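Asks: I am sharing coords-v2.txt, which consists of compact mmCIF, C-alpha atoms:
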# COMPACT_ATOMS: atom_id res chain seq x y z
CA MET E 30 136.68 116.80 100.55
CA GLU E 31 133.00 115.83 100.58
CA PHE E 32 131.42 114.77 97.29
CA ARG E 33 127.82 114.48 98.49
CA THR E 34 125.35 116.28 100.73
CA THR E 35 123.94 114.05 103.46
CA VAL E 36 120.43 114.92 104.64
CA LYS E 37 120.27 115.11 108.43
CA THR E 38 117.05 113.91 110.03
CA GLY E 39 117.83 115.03 113.57
CA GLU E 40 117.76 113.11 116.82
CA ASN E 41 116.00 109.77 117.09
CA ARG E 42 112.35 110.27 118.08
CA GLY E 43 111.86 106.72 119.40
CA TRP E 44 108.33 106.69 118.00
CA LEU E 45 108.38 103.11 116.69
CA HIS E 46 108.83 99.90 118.65
CA HIS E 47 109.07 96.62 116.79
CA SER E 48 105.84 95.41 118.43
CA ASP E 49 103.82 98.50 117.43
CA ASN E 50 100.97 98.56 114.92
CA VAL E 51 101.65 100.86 111.98
CA VAL E 52 99.46 102.27 109.19
CA LEU E 53 100.88 103.68 105.96
CA LEU E 54 98.75 105.78 103.60
CA GLY E 55 99.37 107.73 100.41
CA SER E 56 101.46 107.38 97.30
CA CYS E 57 103.36 104.26 96.24
CA PHE E 58 106.31 105.28 98.41
CA SER E 59 104.12 104.18 101.33
CA ASP E 60 103.94 100.78 99.63
CA ASN E 61 107.76 100.69 99.44
CA ILE E 62 108.36 101.50 103.11
CA GLY E 63 105.44 99.30 104.12
CA ALA E 64 107.06 96.38 102.31
CA LYS E 65 110.25 97.04 104.27
CA MET E 66 108.24 96.94 107.49
CA HIS E 67 106.66 93.64 106.48
CA GLY E 68 110.16 92.35 105.77
CA ALA E 69 111.04 93.26 109.36
CA LEU E 70 107.88 91.46 110.57
CA ILE E 71 106.35 94.73 111.80
CA ASN E 72 102.56 94.67 111.86
CA ALA E 73 101.94 97.27 109.14
CA THR E 74 98.67 97.99 107.33
CA ILE E 75 99.42 99.48 103.92
CA ASN E 76 96.94 101.61 101.95
CA PRO E 77 93.64 99.84 102.76
CA MET E 78 91.95 101.75 99.91
CA GLY E 79 94.88 101.38 97.55
CA THR E 80 97.48 103.90 96.49
CA LEU E 81 96.36 107.53 96.93
CA TYR E 82 98.30 110.53 95.63
CA ASN E 83 96.82 113.97 96.33
CA PRO E 84 96.08 115.45 99.79
CA MET E 85 92.34 115.80 99.17
CA SER E 86 91.87 112.14 98.26
CA ILE E 87 94.07 111.00 101.14
CA ALA E 88 92.09 113.15 103.60
CA ARG E 89 88.81 111.86 102.20
CA GLY E 90 90.05 108.29 102.59
CA VAL E 91 91.18 108.96 106.16
CA GLN E 92 87.75 110.32 107.08
CA ARG E 93 86.09 107.24 105.60
CA LEU E 94 88.37 104.99 107.63
CA ILE E 95 87.77 106.96 110.84
CA ASN E 96 84.00 106.80 110.36
CA ASN E 97 84.13 103.18 109.14
CA GLU E 98 81.93 104.41 106.29
CA PRO E 99 81.07 101.61 103.85
CA VAL E 100 80.83 101.96 100.09
CA ALA E 101 77.28 101.72 98.72
CA GLY E 102 76.25 100.20 95.42
CA LYS E 103 75.31 103.62 94.08
CA ASP E 104 78.92 104.75 94.62
CA LEU E 105 80.25 102.29 92.04
CA PHE E 106 80.35 102.67 88.26
CA MET E 107 81.22 100.31 85.43
CA GLN E 108 84.31 101.14 83.38
CA GLY E 109 86.61 98.84 81.47
CA GLY E 110 84.59 95.76 82.32
CA VAL E 111 84.93 96.19 86.11
CA TRP E 112 83.15 98.05 88.91
CA ASN E 113 85.07 101.04 90.24
CA SER E 114 84.95 103.62 93.01
CA TYR E 115 86.53 107.06 92.61
CA ASP E 116 87.79 106.71 96.20
CA PHE E 117 89.65 103.43 95.60
CA HIS E 118 92.61 102.34 93.54
CA SER E 119 91.82 100.09 90.58
CA ARG E 120 93.42 97.06 92.31
CA HIS E 121 90.10 96.68 94.15
CA SER E 122 87.94 96.85 91.00
CA MET E 123 86.29 93.55 90.04
CA PRO E 124 83.86 92.37 87.30
CA ASP E 125 81.24 91.41 89.89
CA LYS E 126 79.60 94.35 91.67
CA GLN E 127 78.89 92.57 94.97
CA VAL E 128 82.38 91.11 95.10
CA THR E 129 83.76 94.62 94.56
CA LEU E 130 81.61 96.04 97.36
CA ASP E 131 82.54 93.25 99.74
CA ARG E 132 86.23 93.64 98.92
CA MET E 133 86.21 97.42 99.42
CA ASN E 134 84.13 97.36 102.59
CA SER E 135 86.33 94.66 104.08
CA ARG E 136 89.34 96.90 103.50
CA ILE E 137 87.54 99.86 105.13
CA GLU E 138 86.77 97.76 108.21
CA GLN E 139 90.38 96.55 108.38
CA GLY E 140 91.67 100.09 107.96
CA HIS E 141 89.34 101.43 110.66
CA GLN E 142 90.55 98.83 113.16
CA ALA E 143 94.19 99.38 112.16
CA LEU E 144 93.90 103.15 112.78
CA GLN E 145 92.32 102.48 116.17
CA GLN E 146 95.27 100.31 117.21
CA ALA E 147 98.10 102.16 115.46
CA ARG E 148 100.92 103.79 117.37
CA LEU E 149 102.35 105.26 114.18
CA LEU E 150 100.83 106.53 110.93
CA THR E 151 102.85 107.63 107.92
CA ILE E 152 101.21 109.69 105.17
CA THR E 153 103.04 110.21 101.87
CA LEU E 154 101.82 113.03 99.62
CA GLY E 155 102.57 112.36 95.97
CA THR E 156 101.19 115.26 93.95
CA ALA E 157 99.30 118.54 94.27
CA ILE E 158 97.58 117.91 90.92
CA VAL E 159 93.92 117.04 91.42
CA TYR E 160 91.22 115.83 89.06
CA ARG E 161 87.68 117.01 89.76
CA LEU E 162 84.75 115.16 88.25
CA LYS E 163 82.84 117.83 86.35
CA ALA E 164 79.47 116.18 87.04
CA THR E 165 79.84 116.44 90.83
CA GLY E 166 82.86 118.65 91.56
CA GLU E 167 84.44 115.94 93.75
CA VAL E 168 88.18 115.29 93.67
CA VAL E 169 88.81 111.70 92.58
CA ALA E 170 91.58 109.45 93.84
CA ASN E 171 91.76 107.53 90.56
CA CYS E 172 90.33 108.32 87.14
CA HIS E 173 89.96 104.62 86.21
CA LYS E 174 90.57 105.44 82.52
CA VAL E 175 87.35 107.46 82.33
CA PRO E 176 87.69 109.92 79.39
CA GLN E 177 89.70 112.98 80.43
CA HIS E 178 87.04 115.43 79.25
CA GLU E 179 84.94 114.26 82.22
CA PHE E 180 87.43 115.91 84.62
CA GLU E 181 88.83 119.31 85.42
CA ARG E 182 92.57 119.08 86.10
CA LYS E 183 94.24 121.73 88.28
CA MET E 184 96.99 122.40 90.80
CA ALA E 185 95.47 122.54 94.27
CA PRO E 186 96.16 125.88 96.00
CA VAL E 187 98.49 125.66 98.99
CA SER E 188 95.86 127.29 101.20
CA GLU E 189 93.33 124.58 100.31
CA MET E 190 95.85 121.81 101.00
CA VAL E 191 96.78 123.36 104.35
CA ARG E 192 93.13 123.53 105.39
CA THR E 193 92.51 119.95 104.27
CA LEU E 194 95.59 118.57 106.02
CA ASP E 195 94.84 120.53 109.19
CA GLU E 196 91.32 119.09 109.40
CA MET E 197 92.64 115.60 108.68
CA LEU E 198 95.35 115.73 111.37
CA THR E 199 92.90 117.14 113.92
CA ALA E 200 90.41 114.35 113.18
CA LEU E 201 93.12 111.68 113.42
CA HIS E 202 94.40 112.96 116.76
CA SER E 203 90.88 113.07 118.14
CA PHE E 204 90.22 109.52 116.89
CA ASN E 205 93.48 108.05 118.26
CA PRO E 206 95.31 110.43 120.64
CA ASP E 207 98.10 107.88 121.24
CA MET E 208 99.13 107.79 117.57
CA ASN E 209 102.09 109.73 116.19
CA ILE E 210 101.94 110.86 112.57
CA ILE E 211 104.74 111.22 110.03
CA LEU E 212 104.21 113.32 106.91
CA THR E 213 106.49 113.03 103.91
CA VAL E 214 106.62 113.98 100.24
CA SER E 215 107.07 111.12 97.83
CA PRO E 216 110.48 111.07 96.09
CA ILE E 217 108.82 109.59 93.00
CA ARG E 218 108.54 112.23 90.30
CA HIS E 219 105.32 112.64 88.31
CA ILE E 220 106.79 113.44 84.89
CA ALA E 221 103.76 112.92 82.63
CA ASP E 222 102.90 116.62 82.94
CA GLY E 223 106.53 117.74 82.63
CA LEU E 224 109.33 118.21 85.12
CA ASP E 225 108.45 121.87 85.62
CA VAL E 226 104.92 120.97 86.77
CA ASN E 227 106.33 118.20 88.96
CA SER E 228 108.70 120.67 90.64
CA LEU E 229 105.88 123.11 91.33
CA SER E 230 103.67 120.30 92.64
CA LYS E 231 106.32 118.94 95.03
CA ALA E 232 107.19 122.45 96.23
CA SER E 233 103.51 123.16 96.93
CA LEU E 234 103.20 119.95 98.96
CA ARG E 235 106.31 120.81 100.95
CA VAL E 236 105.05 124.31 101.74
CA ALA E 237 101.64 122.95 102.77
CA ILE E 238 103.25 120.43 105.15
CA HIS E 239 105.52 123.11 106.61
CA GLU E 240 102.57 125.39 107.34
CA VAL E 241 100.30 122.73 108.80
CA MET E 242 103.03 121.30 111.02
CA ALA E 243 103.05 124.45 113.13
CA SER E 244 99.76 123.42 114.76
CA HIS E 245 100.46 119.71 115.20
CA ARG E 246 104.10 119.36 116.27
CA ASP E 247 103.29 117.52 119.50
CA TYR E 248 102.37 114.37 117.60
CA CYS E 249 103.39 115.07 114.00
CA ASP E 250 106.77 115.09 112.24
CA TYR E 251 108.17 115.55 108.74
CA PHE E 252 110.46 112.88 107.28
CA PRO E 253 112.57 114.13 104.33
CA SER E 254 112.34 111.17 101.94
CA TYR E 255 112.00 113.58 99.00
CA GLU E 256 115.10 115.52 100.02
CA ILE E 257 117.12 112.34 100.64
CA MET E 258 116.35 111.10 97.14
CA LEU E 259 117.00 114.37 95.31
CA ASP E 260 119.93 115.74 97.34
CA ASP E 261 121.63 112.86 99.14
CA LEU E 262 121.15 110.24 96.39
CA ARG E 263 121.75 112.69 93.55
CA ASP E 264 122.66 110.13 90.90
CA TYR E 265 120.67 108.12 88.36
CA ARG E 266 122.26 104.91 89.58
CA PHE E 267 119.82 105.19 92.49
CA TYR E 268 116.81 105.06 90.14
CA SER E 269 115.13 102.07 88.57
CA ASN E 270 115.10 101.58 84.81
CA ASP E 271 112.30 104.11 84.25
CA MET E 272 114.52 106.86 85.75
CA VAL E 273 111.58 107.90 87.94
CA HIS E 274 111.15 105.39 90.75
CA PRO E 275 113.84 104.82 93.38
CA SER E 276 115.92 101.67 92.96
CA ASP E 277 115.94 98.92 95.57
CA VAL E 278 119.21 100.34 96.89
CA ALA E 279 117.65 103.79 97.28
CA VAL E 280 114.57 102.42 99.06
CA GLU E 281 116.83 100.47 101.44
CA TYR E 282 118.90 103.60 102.11
CA ILE E 283 115.79 105.64 102.93
CA TRP E 284 114.45 102.78 105.07
CA GLN E 285 117.69 102.83 107.06
CA ALA E 286 117.32 106.60 107.53
CA PHE E 287 113.70 106.07 108.63
CA GLN E 288 114.81 103.51 111.23
CA ALA E 289 117.56 105.83 112.52
CA THR E 290 114.98 108.58 112.95
CA TYR E 291 112.02 106.74 114.51
CA LEU E 292 112.93 103.22 115.65
CA ASP E 293 113.63 103.01 119.38
CA ASP E 294 116.93 101.60 120.61
CA HIS E 295 115.45 98.33 121.87
CA SER E 296 114.00 97.44 118.46
CA ALA E 297 117.04 97.71 116.21
CA LEU E 298 118.23 94.18 117.01
CA ALA E 299 114.73 92.75 116.56
CA VAL E 300 114.38 94.38 113.14
CA ALA E 301 117.77 93.11 111.95
CA ARG E 302 117.03 89.58 113.13
CA CYS E 303 113.53 89.52 111.67
CA GLU E 304 114.77 90.77 108.31
CA ARG E 305 117.21 87.86 108.14
CA ILE E 306 114.50 85.36 109.06
CA HIS E 307 112.06 86.89 106.58
CA LYS E 308 114.62 86.33 103.81
CA ARG E 309 114.83 82.70 104.89
CA LEU E 310 111.05 82.43 104.67
CA GLN E 311 111.18 83.63 101.05
CA HIS E 312 113.76 80.97 100.17
CA ARG E 313 112.61 77.77 98.49
CA PRO E 314 115.14 74.92 98.56
CA MET E 315 116.10 73.96 95.00
CA SER E 316 116.23 70.24 95.59
CA ALA E 317 114.20 67.28 94.40
CA ASN E 318 115.31 65.35 97.46
CA ARG E 319 112.33 65.21 99.81
CA GLU E 320 114.53 64.58 102.82
CA THR E 321 116.55 67.75 102.11
CA VAL E 322 113.38 69.84 101.75
CA ASP E 323 111.86 68.41 104.93
CA ARG E 324 115.05 69.12 106.86
CA PHE E 325 115.11 72.73 105.61
CA ASN E 326 111.45 73.21 106.59
CA ALA E 327 112.05 71.66 110.02
CA ASP E 328 115.05 73.94 110.60
CA THR E 329 113.00 76.95 109.53
CA ALA E 330 110.17 76.02 111.90
CA SER E 331 112.70 75.69 114.72
CA VAL E 332 114.10 79.15 113.94
CA VAL E 333 110.57 80.59 113.94
CA ARG E 334 109.68 78.96 117.27
CA ASN E 335 112.82 80.39 118.86
CA LEU E 336 112.00 83.83 117.43
CA ILE E 337 108.47 83.76 118.86
CA LYS E 338 109.84 82.59 122.21
CA GLU E 339 112.09 85.64 122.30
CA TYR E 340 109.46 88.04 120.89
CA PRO E 341 106.05 86.67 121.99
CA TYR E 342 104.13 89.45 120.23
CA LEU E 343 105.09 87.81 116.90
CA ALA E 344 102.93 84.76 117.67
CA ASP E 345 100.06 86.15 115.59
CA ASN E 346 102.20 87.03 112.56
CA PRO E 347 100.55 85.23 109.61
CA GLU E 348 103.83 84.50 107.82
CA LEU E 349 105.29 82.84 110.89
CA GLN E 350 102.09 80.93 111.58
CA LYS E 351 102.13 79.60 108.03
CA VAL E 352 105.55 78.07 108.69
CA LEU E 353 104.40 76.44 111.91
CA ASP E 354 101.22 75.08 110.32
CA ARG E 355 103.02 73.18 107.59
Could you render the structure as structure tokens?

Replies:
Amino acid sequence: MEFRTTVKTGENRGWLHHSDNVVLLGSCFSDNIGAKMHGALINATINPMGTLYNPMSIARGVQRLINNEPVAGKDLFMQGGVWNSYDFHSRHSMPDKQVTLDRMNSRIEQGHQALQQARLLTITLGTAIVYRLKATGEVVANCHKVPQHEFERKMAPVSEMVRTLDEMLTALHSFNPDMNIILTVSPIRHIADGLDVNSLSKASLRVAIHEVMASHRDYCDYFPSYEIMLDDLRDYRFYSNDMVHPSDVAVEYIWQAFQATYLDDHSALAVARCERIHKRLQHRPMSANRETVDRFNADTASVVRNLIKEYPYLADNPELQKVLDR
């Protein structure tokens, strides 16, 4: 007797090799999977503009990255003692205006180059709820604690999301024809507006992806992270303490499913080995004995040199270089 429903992701696509460049955009689930990729020493660029949630803001961010369009001083506004952009997450907001501009424009340049070189792009849609700035009518990526009466809040129509996603995917394929794209719906529930609104929002996103996929199947795929979390991992033990975000165990489970779906056969061993070495790099020997610490660091450097010898494309990895430069 089966006591769970396992979500099947189909045959392995072989879209990801361990040496490939990857870009991840969208909701904080992109941050989770991106962190797993970093742990496997995959060259992954994660949310250059910060975490983005709704399809309109993600598409707007993608177009800015494709065009390498810098932020201008007039685009920033002061709120909460820092300079903000409605297109960026607050992690990039700083008290100094020029520092904020430099920081944001550096991330745009990095994101533009990453998209040019990427073999794989994952886009995670988090919510269909959008906030439009009443003064301009633009959809904002982050409200930055601006008073709520400044915005109009609404559920984006499926037809509008389909049109937006279609234009975005077309532009991405034209910009980098060699890049495959994975769309997914974030398994993280947005419960501030109520579970009923969250359900409608997630369902709208799923319908929009289903409709837009019909025109882009040659280079685009849907990964069921939302379905894995809600149907396969149907138990609160797979949630963190807030009962909203996936636990570390759940993220690892979904990461394993992602690998089984997209990682090519030749890369599985490299990922497993790099994950073990990455854990070693995070370890700090708890010893006051200098000789013990030096021996651990020397052993780690030897392990890293052997890894780079076997996988030469890892020579430019900053974490590995840091070990060798000690």

Asks: Excluding E:Lys174 and its own-chain neighbours fewer than 4 positions away, which residues fall within 12 Å of it when counting all atoms listed in the file? Please give them as an mmCIF file with C-alpha atoms, keeping the file's coordinate frame.

Replies:
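Final file, result-v7.cif:
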data_model
loop_
_atom_site.group_PDB
_atom_site.id
_atom_site.type_symbol
_atom_site.label_atom_id
_atom_site.label_comp_id
_atom_site.auth_asym_id
_atom_site.auth_seq_id
_atom_site.Cartn_x
_atom_site.Cartn_y
_atom_site.Cartn_z
ATOM 1 C CA MET E 107 81.220 100.310 85.430
ATOM 2 C CA GLN E 108 84.310 101.140 83.380
ATOM 3 C CA GLY E 109 86.610 98.840 81.470
ATOM 4 C CA GLY E 110 84.590 95.760 82.320
ATOM 5 C CA VAL E 111 84.930 96.190 86.110
ATOM 6 C CA ASN E 113 85.070 101.040 90.240
ATOM 7 C CA TYR E 115 86.530 107.060 92.610
ATOM 8 C CA HIS E 118 92.610 102.340 93.540
ATOM 9 C CA SER E 119 91.820 100.090 90.580
ATOM 10 C CA VAL E 169 88.810 111.700 92.580
ATOM 11 C CA HIS E 178 87.040 115.430 79.250
ATOM 12 C CA GLU E 179 84.940 114.260 82.220
ATOM 13 C CA PHE E 180 87.430 115.910 84.620
#

Asks: Can you pull out the residues contacting E:Trp44? Cut-off 12 Å, using only C-alpha atoms, and skip same-chain residues under 5 positions away; I want them as a PDB file with C-alpha atoms, in the coordinates of the input.

Replies:
ATOM      1  CA  ASP E  49     103.820  98.500 117.430  1.00  0.00           C
ATOM      2  CA  ASN E  50     100.970  98.560 114.920  1.00  0.00           C
ATOM      3  CA  VAL E  51     101.650 100.860 111.980  1.00  0.00           C
ATOM      4  CA  ALA E 147      98.100 102.160 115.460  1.00  0.00           C
ATOM      5  CA  ARG E 148     100.920 103.790 117.370  1.00  0.00           C
ATOM      6  CA  LEU E 149     102.350 105.260 114.180  1.00  0.00           C
ATOM      7  CA  LEU E 150     100.830 106.530 110.930  1.00  0.00           C
ATOM      8  CA  THR E 151     102.850 107.630 107.920  1.00  0.00           C
ATOM      9  CA  ASP E 207      98.100 107.880 121.240  1.00  0.00           C
ATOM     10  CA  MET E 208      99.130 107.790 117.570  1.00  0.00           C
ATOM     11  CA  ASN E 209     102.090 109.730 116.190  1.00  0.00           C
ATOM     12  CA  ILE E 210     101.940 110.860 112.570  1.00  0.00           C
ATOM     13  CA  ILE E 211     104.740 111.220 110.030  1.00  0.00           C
ATOM     14  CA  TYR E 248     102.370 114.370 117.600  1.00  0.00           C
ATOM     15  CA  CYS E 249     103.390 115.070 114.000  1.00  0.00           C
ATOM     16  CA  ASP E 250     106.770 115.090 112.240  1.00  0.00           C
ATOM     17  CA  PHE E 287     113.700 106.070 108.630  1.00  0.00           C
ATOM     18  CA  GLN E 288     114.810 103.510 111.230  1.00  0.00           C
ATOM     19  CA  ALA E 289     117.560 105.830 112.520  1.00  0.00           C
ATOM     20  CA  THR E 290     114.980 108.580 112.950  1.00  0.00           C
ATOM     21  CA  TYR E 291     112.020 106.740 114.510  1.00  0.00           C
ATOM     22  CA  LEU E 292     112.930 103.220 115.650  1.00  0.00           C
ATOM     23  CA  ASP E 293     113.630 103.010 119.380  1.00  0.00           C
ATOM     24  CA  ASP E 294     116.930 101.600 120.610  1.00  0.00           C
ATOM     25  CA  HIS E 295     115.450  98.330 121.870  1.00  0.00           C
ATOM     26  CA  SER E 296     114.000  97.440 118.460  1.00  0.00           C
TER      27      SER E 296
END

Asks: Between E:Thr329, E:Gln145, E:Ser233, E:Gln350, which has the minimum distance to E:Phe204 (counting all atoms listed in the file)?

Replies: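 Selected residue with least distance to E:Phe204: E:Gln145.
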
Asks: Can you tell me which residues surround E:Arg235 at a distance of at most 9 Å, considering all atoms listed in the file, apart from same-chain residues fewer than 4 positions away, and format the answer as a PyMOL selection string?

Replies: chain E and resi 213-214+230-231+239-240

Asks: Given the choices E:Ile220, E:Pro84, E:Leu70, E:Ser59, which gets closest to E:Glu348 if the distance is worked out from only C-alpha atoms?

Replies: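 Checking each of E:Ile220, E:Pro84, E:Leu70, E:Ser59 against E:Glu348, counting only C-alpha atoms, the winner is E:Leu70.
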
Asks: For E:Leu198, which residue out of E:Lys308, E:His245, E:Arg93, E:Arg33 is the nearest one, using all atoms listed in the file?

Replies: E:His245

Asks: Tell me, as a list in words, which residues lie within 10 Å of E:Leu349, counting only C-alpha atoms; anything in the same chain fewer than 3 positions away does not count.

Replies: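 Answer for this query is Leu70, Ile306, His307, Leu310, Thr329, Ala330, Val333, Arg334, Leu336, Ile337, Leu343, Ala344, Asp345, Asn346, Val352, Leu353 and Asp354 of chain E.
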
Asks: Could you tell me which of E:His47, E:Lys37, E:His121, E:His274 comes closest to E:Asp260 if we count all atoms listed in the file?

Replies: E:Lys37
